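Colleague: Supplied in structure tokens, the structure appears directly below.
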Amino acid sequence: MTRRLAQVAKKVGVSEATVSRVLNGKPGVSDSTRQAVLSALDVLGYERPTQLRGERARLVGLVLPELQNPIFPAFAEVIGGALAQLGLTPVLCTQTKGGVSEADYVELLLQQQVSGVVFAGGLYAQADAPHDHYRQLADRKIPVVLVNAAIEHLGFPCVSCDDAVAVEQAWRHLDSLGHERIGLVLGPGDHMPSGRKLAAARALAPDLPDEHIARAMFSLEGGQAAATRLLDRGVTGIICASDPLALGAVRAARRKGLTVPGEISVVGYDDSAFMNCTEPPLTTVRQPIEAMGRAAVELLNAQIGGSSVTPEELLFEPELVVRGSTAQAPRH
């Protein structure tokens, strides 16, 4: 019991005495704190005391494309924690290949009468993907927040990392190291954040040849295949649209007998967990996950509370983290 009190208190950021008062139905606790304690019980998997079970948990869907890329569990942790502090219970929905789709999850969440939904890295970022389920949420006036660049006209507030600044930082870094043949490994052609990254690269280097741009599915294997094509075309520096793509690029270089960073420099994007533990540690552009996650929850909570939120995009500044996968361009 004391362990449970301590865990719940830590999750909510209140004293154990406050948790005890809520569990025993004692007065002297604000409504929001009470809700936060009850949500923390749900999140941590504890049974609610019998007299508190009748209360409906305020559920919020958190829809992610995958958990393989460590950036998504990182977002889930920040967003889930911030929701729990507000007395909202996150419901994690992860798509699986050939399994439950984003539209299926939306259907399920609507059946659960959720208070709102946060999407991260979803189909809203792909112009050619199905988007009817978003219209369904908008028609039902369900509060929604999107994390990272979306296609236009969905009408939801969005919290994004600035893709253009990310590419500028990575490009200038490689340029300062003397790299003249820089290539990009981006997501699919209809992927909005990748489109923004490409536009930024073309603004910096108007003569960027098309053969220095490679498209890939967001995976290590995708990154390896795309980077192999770029290496065959003679690039010495590669900027990738995610950390797993960058790790694939490092592997591609090694398979060709090239050293990283001696002959090939690689820059990732996200600064997800363990990127400082790779060999070599990955130079990457960090998304401010904590700030973005908290902003997404604030926007959602405002809507749940009945405030109108303008459907504009909040742009957050990324930060270049220089590690061991980039070095001076080789002299030929």
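Residues in the structure tokens are named by chain (A, B, ... in the order shown) and by number from 1 within that chain; ligands are numbered from 1 in the order shown.
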If we count only C-alpha atoms, what is near Val8 (chain A) at a cut-off of 7 Å, once residues fewer than 6 positions away on the same chain are taken out, given as number ranges by chain?
Modeller: A: 37, 40-41
Colleague: Interatomic distance between CA of Arg48 (chain A) and CA of Leu23 (chain A)?
Modeller: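 These atoms are spaced 8.0 Å apart.
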Colleague: Residues of region 10-158 of chain A classed as alpha helix (DSSP H) by DSSP on the backbone are to be reported as a PyMOL selection string.
Modeller: chain A and resi 10-12+16-23+31-44+71-85+102-111+132-139
Colleague: Select, from A:Leu110, A:Leu86, A:Ala214, A:Ala170, the residue with the minimum atom-to-atom distance to Tyr269 (chain A), counting only C-alpha atoms.
Modeller: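 Nearest candidate to Tyr269 (chain A) out of A:Leu110, A:Leu86, A:Ala214, A:Ala170: A:Ala170.
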Colleague: Give the strand (DSSP E) residues of region 187-320 of chain A, as DSSP finds them on the backbone, and put them as JSON, numbers by chain.
Modeller: {"A": [213, 214, 215, 237, 238, 239, 240, 265, 266, 267, 268, 269, 270, 283, 284, 285, 286, 313, 314, 315, 316, 319, 320]}
Colleague: Which one of A:Gly99, A:Gly155, A:Pro49, A:Pro280 sits closest to Glu312 (chain A) if you count only C-alpha atoms?
Modeller: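 Closest to Glu312 (chain A) of all the choices is A:Gly155.
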Colleague: Between CA of Leu59 (chain A) and CA of Ala17 (chain A), what is the spacing in Å?
Modeller: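 Atom-to-atom, CA of Ala17 (chain A) and CA of Leu59 (chain A) are spaced 25.7 Å apart.
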Colleague: Skip region 253-258 of chain A itself and residues of its chain fewer than 4 positions away, then list as a PyMOL selection string all residues within 8 Å of it, counting only C-alpha atoms.
Modeller: chain A and resi 227-228+231+249+262-264
Colleague: Kindly indicate which residue among A:Gly80, A:Gly87, A:Pro311, A:Gly189 lies nearest to Gln126 (chain A), using only C-alpha atoms for the distances.
Modeller: A:Gly189
Colleague: Just the residues within 6 Å of region 65-70 of chain A, please, counting only C-alpha atoms, with nothing from its chain fewer than 4 positions along; format it as a PyMOL selection string.
Modeller: chain A and resi 94-95+122+272-273
Colleague: Please produce an output containing N, CA, C and O atoms for each residue in the selection, written as an mmCIF file, in the first residue's frame.
Modeller:
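Full text of part.cif as output:
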```
data_model
loop_
_atom_site.group_PDB
_atom_site.id
_atom_site.type_symbol
_atom_site.label_atom_id
_atom_site.label_comp_id
_atom_site.auth_asym_id
_atom_site.auth_seq_id
_atom_site.Cartn_x
_atom_site.Cartn_y
_atom_site.Cartn_z
ATOM 1 N N THR A 94 -1.252 2.059 -31.007
ATOM 2 C CA THR A 94 -0.107 1.937 -31.916
ATOM 3 C C THR A 94 -0.502 1.110 -33.126
ATOM 4 O O THR A 94 -0.991 -0.006 -32.977
ATOM 5 N N GLN A 95 -0.269 1.677 -34.306
ATOM 6 C CA GLN A 95 -0.614 0.914 -35.513
ATOM 7 C C GLN A 95 0.394 -0.203 -35.748
ATOM 8 O O GLN A 95 1.567 -0.039 -35.448
ATOM 9 N N GLY A 122 1.327 10.667 -37.764
ATOM 10 C CA GLY A 122 0.248 9.874 -38.358
ATOM 11 C C GLY A 122 0.017 10.147 -39.835
ATOM 12 O O GLY A 122 0.821 10.791 -40.513
ATOM 13 N N SER A 272 16.788 10.661 -30.650
ATOM 14 C CA SER A 272 16.031 9.727 -29.814
ATOM 15 C C SER A 272 16.991 8.967 -28.900
ATOM 16 O O SER A 272 18.210 9.114 -28.996
ATOM 17 N N ALA A 273 16.429 8.156 -28.021
ATOM 18 C CA ALA A 273 17.213 7.461 -26.998
ATOM 19 C C ALA A 273 18.344 6.642 -27.614
ATOM 20 O O ALA A 273 18.184 6.059 -28.688
#
```
Colleague: Could you check the closest approach to Gln113 (chain A) for each of A:Lys97, A:Lys141, A:Arg135, A:Arg181 and tell me which residue wins, using only C-alpha atoms?
Modeller: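 Residue with the minimum atom-to-atom distance to Gln113 (chain A): A:Lys141.
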Colleague: Skip Glu16 (chain A) itself and residues of its chain fewer than 3 positions away, then list as a PyMOL selection string all residues within 7 Å of it, counting only C-alpha atoms.
Modeller: chain A and resi 5-6+9+19-20
Colleague: Of the candidates A:Thr283, A:Ser308, A:Asn148, A:Thr259, which shows the shortest atom-to-atom distance to Pro193 (chain A), using only C-alpha atoms?
Modeller: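 Residue with the minimum atom-to-atom distance to Pro193 (chain A): A:Asn148.
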Colleague: What's around Asp132 (chain A) at 12 Å? Count only C-alpha atoms, leave out sequence neighbours fewer than 3 positions away in its own chain, and write the answer as a count of residues only.
Modeller: 15
Colleague: Find the residues near Ser265 (chain A): any atom within 6 Å, counting only C-alpha atoms, skip ones fewer than 6 places away on the same chain, and give them as a PyMOL selection string.
Modeller: chain A and resi 237+325-326
Colleague: Please measure the separation of CA of Arg34 (chain A) and CA of Lys11 (chain A), giving the value in Å to one decimal.
Modeller: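 Interatomic distance here is 13.0 Å.
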Colleague: Check the smallest atom-to-atom distance from each of A:Glu290, A:Val250, A:Gln303, A:Val118 to Gly324 (chain A) using only C-alpha atoms, then report the winner.
Modeller: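 Using only C-alpha atoms, Gly324 (chain A) sits closest to A:Val250.
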